[in-house]
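Undergrad: Here you go, one structure.
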Number of protein chains: 2
Amino acid sequence: MKAVQISRLTTNRLSLYLRCLSLLQEAGVKTVSSRELADQFHLNSAQIRKDLAYFGEFGVRGVGYYVPELKRHLIKILGLHKQYNVLIVGAGNLGMALAGYQGFYTGGFRIVALVDSSEERVKALSGTGQPVYPTRDLKRLVKRHNINIAILAVPPQSGQQALDAVYTAGIRALLNFVPVRMKVPEDCEMVTVDLKVQLESLAYHLARSDASPSRDEKRRKRTGARPVARGARG
Amino acid sequence: MKAVQISRLTTNRLSLYLRCLSLLQEAGVKTVSSRELADQFHLNSAQIRKDLAYFGEFGVRGVGYYVPELKRHLIKILGLHKQYNVLIVGAGNLGMALAGYQGFYTGGFRIVALVDSSEERVKALSGTGQPVYPTRDLKRLVKRHNINIAILAVPPQSGQQALDAVYTAGIRALLNFVPVRMKVPEDCEMVTVDLKVQLESLAYHLARSDASPSRDEKRRKRTGARPVARGARG
DNA sequence: TTTTGTGAACTAGTTCACAGCT
DNA sequence: AGCTGTGAACTAGTTCACAAAA
């Protein structure tokens, strides 16, 4: 147990561990060692032990970790014992899709509404039935539904404006899909998913592999990418 | 110019530089220094010079970088002078949305088709008019449309199967939204976007800030997160 | 003078390796 | 014997700081 600042790399891995533990629990597995977990993720077992050790001593020497117990701890650590109400800002293609994306509805996350500045999108319903409200209702919605997370899915030119609006309404956590650099207040947590950047990283690699066909041993020695083809599953 | 393996962190930044250069070019700016670029991204200017130096000497001492020239170089480096034909696997909420997401249609990326295993989704059209084909057409589609990138947007239990199928069809670059660990062949580039993990990292921070209200100076000393509130824009 | 390109220094993140508990 | 928790060693990534070019 340290008093260190936890890096995002660590918290992201904790999410993966949790997901894995849920599967193990469903499968009736009672204990798991850091080594077994590591094999699932192509990680080093010390990495896993270190990640967990930031938050306490959850393991038993000679045994490993008790699956339900560690799962409980991770849920607590990640704050997933609470309910999170999510607002989507921007009801275009992406916003609407995210509203319907089933992956969000497990755990304590619930998408309660969308807002959009275009009158014609307002009063439409998302695929799963959430209503779309005009942007002017933002503050009221946040209060009424106790919203604590916003997903930004507006066009680039409205990015900063949308951020400012949700911040003013009291939201302090953002999942951002807008490919624009924005001013983010100190006390506001934002993670950005930039799909274009991800696609371009694929283009980069495709262009390389076309250009230099077969230098297999040299290629991709250490890109931080996946080492591949060992213990699969998730 | 080095013969080093380029990290994904670097290539991702190159995409951002390119985006910024496009804006500068539109604004009629002729030259830009690494310092000016750095200010846009809350980066260190040496970082930018190093990133670029991996690929050549594009700058002019005492001047900076010529915007159109550097832009041209970055397009070449990232392989964006070529056309990329994209196939979306899985025509559920997310798949359909990604098909309609305008952000993909700039640069050389073009979504040419979707496939889905469910007969009832087949023959539907995506929002922007791409047809949905049955999975058995995959190989034929890849050949016919010269597809080189696949986006995986299937349910978790079909993830590996979908990956195997597109690999067999000849695709070597994947943008993966499936939250499952998969076996990826050596010569296949995959970037994974795990939305659940991102949301959970927000939950983590929200849970912290609720728990310990006001330790402002200590908080977030170095999480690799954004330093905030300096030169904005994108 | 200004700003690049880059070795050297530093910081963050990962892995090793082992003492210590069960 | 087996496996955790952790300091030490290592590797990757970032920033400093400066010689060299324009």
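Note on naming: chains are A, B, ... as they come in the structure tokens, residues start from 1 per chain, ligands start from 1 in the order shown.
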Need to verify the contact set: Val132 in chain A, 8 Å, only C-alpha atoms (C1' of nucleotides), exclusion of same-chain residues closer than 4 positions in sequence. Can you return it as a count of residues only?
TA: 11
Undergrad: List the spatial neighbours of DG20 in chain C as a PyMOL selection string - criterion: any atom at most 12 Å away, only C-alpha atoms (C1' of nucleotides), same-chain residues fewer than 2 positions off excluded.
TA: (chain A and resi 61-62) or (chain C and resi 18+22) or (chain D and resi 3-6)
Undergrad: Leaving out Gln25 in chain A and any residue of its chain fewer than 2 positions from it, which residues lie within 12 Å of it when counting only C-alpha atoms (C1' of nucleotides), given as a list in words?
TA: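 Returned residues: Leu18, Arg19, Cys20, Leu21, Ser22, Leu23, Ala27, Gly28, Val29, Lys30, Thr31, Val32, Tyr66, Val67, Pro68, Glu69, Leu70, Lys71 and Arg72 of chain A.
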Undergrad: Restrict the selected residues to N, CA and C atoms and save them as an mmCIF file, in the first residue's frame.
TA:
```cif
data_model
loop_
_atom_site.group_PDB
_atom_site.id
_atom_site.type_symbol
_atom_site.label_atom_id
_atom_site.label_comp_id
_atom_site.auth_asym_id
_atom_site.auth_seq_id
_atom_site.Cartn_x
_atom_site.Cartn_y
_atom_site.Cartn_z
ATOM 1 N N LEU A 18 -10.502 -7.016 -13.666
ATOM 2 C CA LEU A 18 -11.859 -7.194 -13.155
ATOM 3 C C LEU A 18 -12.710 -7.992 -14.131
ATOM 4 N N ARG A 19 -12.598 -7.626 -15.387
ATOM 5 C CA ARG A 19 -13.373 -8.341 -16.408
ATOM 6 C C ARG A 19 -13.017 -9.822 -16.394
ATOM 7 N N CYS A 20 -11.739 -10.073 -16.290
ATOM 8 C CA CYS A 20 -11.268 -11.459 -16.274
ATOM 9 C C CYS A 20 -11.771 -12.201 -15.041
ATOM 10 N N LEU A 21 -11.750 -11.533 -13.910
ATOM 11 C CA LEU A 21 -12.221 -12.168 -12.679
ATOM 12 C C LEU A 21 -13.698 -12.526 -12.772
ATOM 13 N N SER A 22 -14.466 -11.659 -13.421
ATOM 14 C CA SER A 22 -15.883 -11.965 -13.580
ATOM 15 C C SER A 22 -16.067 -13.255 -14.366
ATOM 16 N N LEU A 23 -15.280 -13.401 -15.416
ATOM 17 C CA LEU A 23 -15.358 -14.631 -16.203
ATOM 18 C C LEU A 23 -14.930 -15.835 -15.371
ATOM 19 N N ALA A 27 -17.102 -19.088 -14.217
ATOM 20 C CA ALA A 27 -16.619 -20.445 -14.495
ATOM 21 C C ALA A 27 -16.408 -21.248 -13.214
ATOM 22 N N GLY A 28 -16.692 -20.616 -12.088
ATOM 23 C CA GLY A 28 -16.584 -21.336 -10.830
ATOM 24 C C GLY A 28 -15.178 -21.469 -10.278
ATOM 25 N N VAL A 29 -14.247 -20.708 -10.841
ATOM 26 C CA VAL A 29 -12.865 -20.766 -10.354
ATOM 27 C C VAL A 29 -12.770 -20.000 -9.033
ATOM 28 N N LYS A 30 -12.127 -20.597 -8.058
ATOM 29 C CA LYS A 30 -12.109 -20.004 -6.714
ATOM 30 C C LYS A 30 -10.901 -19.105 -6.458
ATOM 31 N N THR A 31 -9.741 -19.550 -6.912
ATOM 32 C CA THR A 31 -8.534 -18.742 -6.716
ATOM 33 C C THR A 31 -7.778 -18.623 -8.022
ATOM 34 N N VAL A 32 -6.973 -17.570 -8.086
ATOM 35 C CA VAL A 32 -6.167 -17.356 -9.285
ATOM 36 C C VAL A 32 -4.840 -16.744 -8.861
ATOM 37 N N TYR A 66 -8.121 -14.910 -3.984
ATOM 38 C CA TYR A 66 -9.474 -15.459 -4.010
ATOM 39 C C TYR A 66 -10.290 -14.640 -4.989
ATOM 40 N N VAL A 67 -10.859 -15.329 -5.958
ATOM 41 C CA VAL A 67 -11.506 -14.642 -7.072
ATOM 42 C C VAL A 67 -12.624 -13.695 -6.617
ATOM 43 N N PRO A 68 -13.596 -14.160 -5.825
ATOM 44 C CA PRO A 68 -14.687 -13.249 -5.496
ATOM 45 C C PRO A 68 -14.211 -12.085 -4.641
ATOM 46 N N GLU A 69 -13.261 -12.368 -3.770
ATOM 47 C CA GLU A 69 -12.750 -11.321 -2.893
ATOM 48 C C GLU A 69 -12.012 -10.253 -3.691
ATOM 49 N N LEU A 70 -11.126 -10.694 -4.575
ATOM 50 C CA LEU A 70 -10.368 -9.722 -5.371
ATOM 51 C C LEU A 70 -11.307 -8.931 -6.267
ATOM 52 N N LYS A 71 -12.298 -9.629 -6.785
ATOM 53 C CA LYS A 71 -13.276 -8.948 -7.627
ATOM 54 C C LYS A 71 -13.957 -7.820 -6.845
ATOM 55 N N ARG A 72 -14.363 -8.161 -5.634
ATOM 56 C CA ARG A 72 -15.009 -7.166 -4.776
ATOM 57 C C ARG A 72 -14.082 -5.970 -4.552
#
```
Undergrad: Would you mind listing what lies within 8 Å of range 3-16 of chain C as a list in words, with only C-alpha atoms (C1' of nucleotides) counted and same-chain residues fewer than 6 positions away left out?
TA: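 Final neighbour list, sorted by chain and number: Asn44, Ala46 and Gln47 of chain A; Ser33, Arg49, Lys50, Ala53, Glu57, Gly59, Val60, Arg61, Gly62, Val63 and Gly64 of chain B; DA9, DC10, DT11, DA12, DG13, DT14, DT15, DC16 and DA21 of chain D.
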Undergrad: Residues at most 7 Å from Asn148 in chain B, counting only C-alpha atoms (C1' of nucleotides), excluding those fewer than 6 positions away in the same chain, as a VMD selection string?
TA: chain B and resid 84 to 86 171 to 173
Undergrad: Pull the strand (DSSP E or B) assignments for range 32-205 of chain B out of DSSP run on the backbone, and list those residues as a ChimeraX atom specification.
TA: /B:32,60,64-66,84-89,109-116,125,131-134,149-152,173-176,189-192
Undergrad: If you measure from CA of Pro155 in chain A to CA of Val180 in chain A, what distance in Å do you get, rounded to one decimal?
TA: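 Distance reported for this atom pair: 9.3 Å.
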Undergrad: Could you tell me which of B:Gly170, B:Gly90, B:Gly56, B:Gly107 comes closest to chain A if we count only C-alpha atoms?
TA: B:Gly107
Undergrad: Counting only C-alpha atoms, which residues of range 136-158 of chain B fall within 12 Å of range 194-214 of chain B, and what is the closest atom pair for each with its distance in Å at one decimal, ordered by chain and rising number, as JSON lines?
TA:
```
{"residue": "B:Leu152", "atom": "CA", "partner": "B:Asp194", "partner_atom": "CA", "distance": 11.6}
{"residue": "B:Ala153", "atom": "CA", "partner": "B:Asp194", "partner_atom": "CA", "distance": 11.1}
{"residue": "B:Pro156", "atom": "CA", "partner": "B:Asp194", "partner_atom": "CA", "distance": 11.5}
```
Undergrad: Quick check, in Å to one decimal: how far apart do CA of Asn93 in chain A and CA of Leu98 in chain B lie?
TA: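 These atoms are spaced 7.5 Å apart.
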Undergrad: With a distance cut-off of 10 Å and only C-alpha atoms (C1' of nucleotides), select the neighbouring residues of Glu119 in chain B, excluding the residue or stretch itself and same-chain residues fewer than 6 positions from it, and output the selection as a VMD selection string.
TA: chain B and resid 132 to 135
Undergrad: How would the residues just chosen look if you wrote them out with all heavy atoms as a compact mmCIF listing (two decimals), in the first residue's frame?
TA:
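Here's the written file out-v4.txt:
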```txt
# COMPACT_ATOMS: atom_id res chain seq x y z
N VAL B 132 -25.15 -4.03 -46.20
CA VAL B 132 -24.69 -5.04 -45.24
C VAL B 132 -24.75 -6.41 -45.92
O VAL B 132 -25.80 -6.79 -46.44
CB VAL B 132 -25.58 -5.06 -43.98
CG1 VAL B 132 -25.10 -6.12 -43.00
CG2 VAL B 132 -25.61 -3.68 -43.32
N TYR B 133 -23.63 -7.11 -45.91
CA TYR B 133 -23.55 -8.41 -46.56
C TYR B 133 -23.49 -9.53 -45.53
O TYR B 133 -23.10 -9.30 -44.39
CB TYR B 133 -22.30 -8.47 -47.43
CG TYR B 133 -22.30 -7.49 -48.58
CD1 TYR B 133 -21.68 -6.25 -48.45
CD2 TYR B 133 -22.92 -7.79 -49.78
CE1 TYR B 133 -21.68 -5.34 -49.49
CE2 TYR B 133 -22.92 -6.89 -50.83
CZ TYR B 133 -22.31 -5.66 -50.68
OH TYR B 133 -22.31 -4.77 -51.71
N PRO B 134 -23.85 -10.73 -45.95
CA PRO B 134 -23.68 -11.86 -45.04
C PRO B 134 -22.19 -12.19 -44.89
O PRO B 134 -21.40 -11.92 -45.80
CB PRO B 134 -24.43 -13.00 -45.73
CG PRO B 134 -24.45 -12.62 -47.17
CD PRO B 134 -24.46 -11.13 -47.22
N THR B 135 -21.86 -12.76 -43.76
CA THR B 135 -20.45 -13.02 -43.46
C THR B 135 -19.79 -13.90 -44.51
O THR B 135 -18.61 -13.78 -44.78
CB THR B 135 -20.31 -13.67 -42.07
OG1 THR B 135 -21.06 -12.89 -41.14
CG2 THR B 135 -18.87 -13.72 -41.62
```
Undergrad: Which residues of chain B come within 7 Å of chain A, and what is each one's closest atom pair and distance in Å (one decimal), counting only C-alpha atoms, sorted by chain and residue number, as a Markdown table?
TA:
```
| residue | atom | partner | partner_atom | distance |
| --- | --- | --- | --- | --- |
| B:Gln5 | CA | A:Thr223 | CA | 6.7 |
| B:Ile6 | CA | A:Thr223 | CA | 6.6 |
| B:Ser7 | CA | A:Thr223 | CA | 4.8 |
| B:Arg8 | CA | A:Thr223 | CA | 6.2 |
| B:Thr11 | CA | A:Ser201 | CA | 6.2 |
| B:Asn12 | CA | A:Val197 | CA | 5.9 |
| B:Ser15 | CA | A:Val197 | CA | 5.7 |
| B:Ile77 | CA | A:Tyr204 | CA | 6.9 |
| B:Leu78 | CA | A:Tyr204 | CA | 4.3 |
| B:Gly79 | CA | A:Ala207 | CA | 5.0 |
| B:Leu80 | CA | A:Ala203 | CA | 6.6 |
| B:Asn93 | CA | A:Ala97 | CA | 5.2 |
| B:Leu94 | CA | A:Ala97 | CA | 5.4 |
| B:Ala97 | CA | A:Ala97 | CA | 5.2 |
| B:Leu98 | CA | A:Leu94 | CA | 6.7 |
| B:Gly100 | CA | A:Asn93 | CA | 5.9 |
| B:Tyr101 | CA | A:Asn93 | CA | 5.8 |
| B:Gly103 | CA | A:Lys196 | CA | 6.8 |
| B:Phe104 | CA | A:Lys196 | CA | 6.4 |
| B:Ala173 | CA | A:Leu202 | CA | 6.0 |
| B:Leu175 | CA | A:Leu199 | CA | 6.9 |
| B:Val180 | CA | A:Gly234 | CA | 4.3 |
| B:Arg181 | CA | A:Gly234 | CA | 4.1 |
| B:Met182 | CA | A:Ala232 | CA | 5.2 |
| B:Lys183 | CA | A:Ala229 | CA | 4.7 |
| B:Val184 | CA | A:Val228 | CA | 5.4 |
| B:Pro185 | CA | A:Ala229 | CA | 6.1 |
| B:Glu186 | CA | A:Val228 | CA | 6.1 |
| B:Glu189 | CA | A:Leu202 | CA | 6.8 |
| B:Val191 | CA | A:Gln198 | CA | 6.8 |
| B:Lys196 | CA | A:Phe104 | CA | 6.4 |
| B:Val197 | CA | A:Ser15 | CA | 5.7 |
| B:Gln198 | CA | A:Val191 | CA | 6.8 |
| B:Leu199 | CA | A:Leu175 | CA | 6.9 |
| B:Glu200 | CA | A:Leu78 | CA | 6.6 |
| B:Ser201 | CA | A:Thr11 | CA | 6.2 |
| B:Leu202 | CA | A:Ala173 | CA | 6.0 |
| B:Ala203 | CA | A:Gly79 | CA | 5.5 |
| B:Tyr204 | CA | A:Leu78 | CA | 4.3 |
| B:Ala207 | CA | A:Gly79 | CA | 5.0 |
| B:Arg220 | CA | A:Gln5 | CA | 6.8 |
| B:Arg222 | CA | A:Gln5 | CA | 6.9 |
| B:Thr223 | CA | A:Ser7 | CA | 4.8 |
| B:Gly224 | CA | A:Ser7 | CA | 6.7 |
| B:Val228 | CA | A:Val184 | CA | 5.4 |
| B:Ala229 | CA | A:Lys183 | CA | 4.8 |
| B:Arg230 | CA | A:Lys183 | CA | 6.9 |
| B:Ala232 | CA | A:Lys183 | CA | 5.0 |
| B:Arg233 | CA | A:Arg181 | CA | 4.8 |
| B:Gly234 | CA | A:Arg181 | CA | 4.1 |
```
Undergrad: Identify, with DSSP run on backbone atoms, the residues in range 102-202 of chain B assigned to helix (DSSP H, G or I), and express the list as a PyMOL selection string.
TA: chain B and resi 102-105+135-145+156-168+195-202
Undergrad: Those selected residues, please, written with N, CA, C and O atoms and delivered as a tab-separated table (two decimals), in the first residue's frame.
TA:
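Dumped to part_34.tsv:
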```tsv
chain	number	residue	atom	x	y	z
B	102	GLN	N	-18.82	10.53	-39.72
B	102	GLN	CA	-18.18	11.35	-40.74
B	102	GLN	C	-16.67	11.45	-40.56
B	102	GLN	O	-15.93	11.60	-41.52
B	103	GLY	N	-16.23	11.39	-39.33
B	103	GLY	CA	-14.81	11.52	-39.04
B	103	GLY	C	-13.93	10.57	-39.83
B	103	GLY	O	-12.77	10.84	-40.07
B	104	PHE	N	-14.51	9.45	-40.26
B	104	PHE	CA	-13.72	8.47	-41.01
B	104	PHE	C	-13.54	8.83	-42.47
B	104	PHE	O	-12.69	8.27	-43.15
B	105	TYR	N	-14.37	9.72	-42.95
B	105	TYR	CA	-14.39	9.93	-44.40
B	105	TYR	C	-13.47	11.03	-44.88
B	105	TYR	O	-13.53	11.43	-46.01
B	135	THR	N	-21.86	-12.76	-43.76
B	135	THR	CA	-20.45	-13.02	-43.46
B	135	THR	C	-19.79	-13.90	-44.51
B	135	THR	O	-18.61	-13.78	-44.78
B	136	ARG	N	-20.57	-14.78	-45.10
B	136	ARG	CA	-19.96	-15.68	-46.08
B	136	ARG	C	-19.41	-14.94	-47.30
B	136	ARG	O	-18.58	-15.47	-48.02
B	137	ASP	N	-19.84	-13.71	-47.51
B	137	ASP	CA	-19.32	-12.92	-48.65
B	137	ASP	C	-17.99	-12.25	-48.34
B	137	ASP	O	-17.40	-11.60	-49.21
B	138	LEU	N	-17.54	-12.40	-47.13
B	138	LEU	CA	-16.36	-11.66	-46.67
B	138	LEU	C	-15.18	-11.72	-47.63
B	138	LEU	O	-14.67	-10.69	-48.09
B	139	LYS	N	-14.79	-12.92	-47.94
B	139	LYS	CA	-13.59	-13.10	-48.77
B	139	LYS	C	-13.75	-12.40	-50.12
B	139	LYS	O	-12.87	-11.69	-50.58
B	140	ARG	N	-14.92	-12.61	-50.69
B	140	ARG	CA	-15.22	-12.01	-51.99
B	140	ARG	C	-15.17	-10.48	-51.91
B	140	ARG	O	-14.58	-9.80	-52.75
B	141	LEU	N	-15.78	-9.93	-50.85
B	141	LEU	CA	-15.80	-8.49	-50.68
B	141	LEU	C	-14.39	-7.92	-50.57
B	141	LEU	O	-14.07	-6.89	-51.18
B	142	VAL	N	-13.58	-8.58	-49.77
B	142	VAL	CA	-12.21	-8.10	-49.56
B	142	VAL	C	-11.49	-8.03	-50.89
B	142	VAL	O	-10.81	-7.04	-51.20
B	143	LYS	N	-11.62	-9.06	-51.67
B	143	LYS	CA	-10.99	-9.10	-53.01
B	143	LYS	C	-11.56	-7.99	-53.89
B	143	LYS	O	-10.85	-7.16	-54.42
B	144	ARG	N	-12.87	-8.01	-54.01
B	144	ARG	CA	-13.53	-7.11	-54.96
B	144	ARG	C	-13.24	-5.64	-54.66
B	144	ARG	O	-12.97	-4.86	-55.56
B	145	HIS	N	-13.32	-5.28	-53.39
B	145	HIS	CA	-13.16	-3.86	-53.04
B	145	HIS	C	-11.76	-3.54	-52.54
B	145	HIS	O	-11.52	-2.44	-52.05
B	156	PRO	N	-18.68	-9.85	-27.90
B	156	PRO	CA	-17.45	-10.46	-27.38
B	156	PRO	C	-17.26	-11.92	-27.78
B	156	PRO	O	-16.17	-12.32	-28.20
B	157	GLN	N	-18.32	-12.69	-27.71
B	157	GLN	CA	-18.16	-14.13	-27.97
B	157	GLN	C	-17.82	-14.44	-29.43
B	157	GLN	O	-17.34	-15.52	-29.74
B	158	SER	N	-18.05	-13.47	-30.34
B	158	SER	CA	-17.69	-13.71	-31.74
B	158	SER	C	-16.38	-13.05	-32.14
B	158	SER	O	-16.00	-13.08	-33.31
B	159	GLY	N	-15.72	-12.44	-31.19
B	159	GLY	CA	-14.53	-11.66	-31.51
B	159	GLY	C	-13.45	-12.45	-32.24
B	159	GLY	O	-13.04	-12.08	-33.34
B	160	GLN	N	-13.02	-13.53	-31.63
B	160	GLN	CA	-11.92	-14.30	-32.21
B	160	GLN	C	-12.29	-14.83	-33.59
B	160	GLN	O	-11.50	-14.78	-34.53
B	161	GLN	N	-13.51	-15.30	-33.67
B	161	GLN	CA	-14.00	-15.85	-34.94
B	161	GLN	C	-13.97	-14.78	-36.05
B	161	GLN	O	-13.52	-15.03	-37.16
B	162	ALA	N	-14.41	-13.58	-35.69
B	162	ALA	CA	-14.41	-12.49	-36.66
B	162	ALA	C	-12.99	-12.14	-37.07
B	162	ALA	O	-12.69	-11.95	-38.25
B	163	LEU	N	-12.12	-12.09	-36.09
B	163	LEU	CA	-10.72	-11.80	-36.41
B	163	LEU	C	-10.15	-12.85	-37.34
B	163	LEU	O	-9.54	-12.53	-38.37
B	164	ASP	N	-10.35	-14.10	-37.01
B	164	ASP	CA	-9.83	-15.19	-37.86
B	164	ASP	C	-10.37	-15.07	-39.28
B	164	ASP	O	-9.62	-15.25	-40.25
B	165	ALA	N	-11.65	-14.74	-39.37
B	165	ALA	CA	-12.27	-14.66	-40.69
B	165	ALA	C	-11.65	-13.55	-41.53
B	165	ALA	O	-11.32	-13.77	-42.71
B	166	VAL	N	-11.49	-12.38	-40.96
B	166	VAL	CA	-10.94	-11.28	-41.77
B	166	VAL	C	-9.46	-11.53	-42.07
B	166	VAL	O	-8.97	-11.19	-43.15
B	167	TYR	N	-8.77	-12.17	-41.14
B	167	TYR	CA	-7.36	-12.49	-41.40
B	167	TYR	C	-7.25	-13.46	-42.57
B	167	TYR	O	-6.45	-13.27	-43.48
B	168	THR	N	-8.08	-14.47	-42.51
B	168	THR	CA	-8.08	-15.46	-43.59
B	168	THR	C	-8.40	-14.80	-44.93
B	168	THR	O	-7.86	-15.17	-45.96
B	195	LEU	N	-14.05	0.79	-24.85
B	195	LEU	CA	-14.83	1.90	-24.30
B	195	LEU	C	-15.17	1.68	-22.83
B	195	LEU	O	-15.18	2.62	-22.04
B	196	LYS	N	-15.42	0.45	-22.47
B	196	LYS	CA	-15.74	0.14	-21.08
B	196	LYS	C	-14.58	0.49	-20.16
B	196	LYS	O	-14.76	1.09	-19.11
B	197	VAL	N	-13.41	0.13	-20.58
B	197	VAL	CA	-12.23	0.44	-19.79
B	197	VAL	C	-12.09	1.95	-19.61
B	197	VAL	O	-11.76	2.43	-18.52
B	198	GLN	N	-12.36	2.69	-20.66
B	198	GLN	CA	-12.25	4.14	-20.57
B	198	GLN	C	-13.26	4.71	-19.58
B	198	GLN	O	-12.95	5.57	-18.76
B	199	LEU	N	-14.48	4.20	-19.68
B	199	LEU	CA	-15.51	4.66	-18.73
B	199	LEU	C	-15.12	4.33	-17.30
B	199	LEU	O	-15.29	5.14	-16.39
B	200	GLU	N	-14.57	3.14	-17.12
B	200	GLU	CA	-14.21	2.74	-15.77
B	200	GLU	C	-13.08	3.59	-15.21
B	200	GLU	O	-13.00	3.82	-14.01
B	201	SER	N	-12.23	4.08	-16.09
B	201	SER	CA	-11.17	4.95	-15.57
B	201	SER	C	-11.77	6.27	-15.08
B	201	SER	O	-11.27	6.88	-14.15
B	202	LEU	N	-12.87	6.67	-15.71
B	202	LEU	CA	-13.58	7.85	-15.20
B	202	LEU	C	-14.20	7.56	-13.84
B	202	LEU	O	-14.13	8.38	-12.92
```
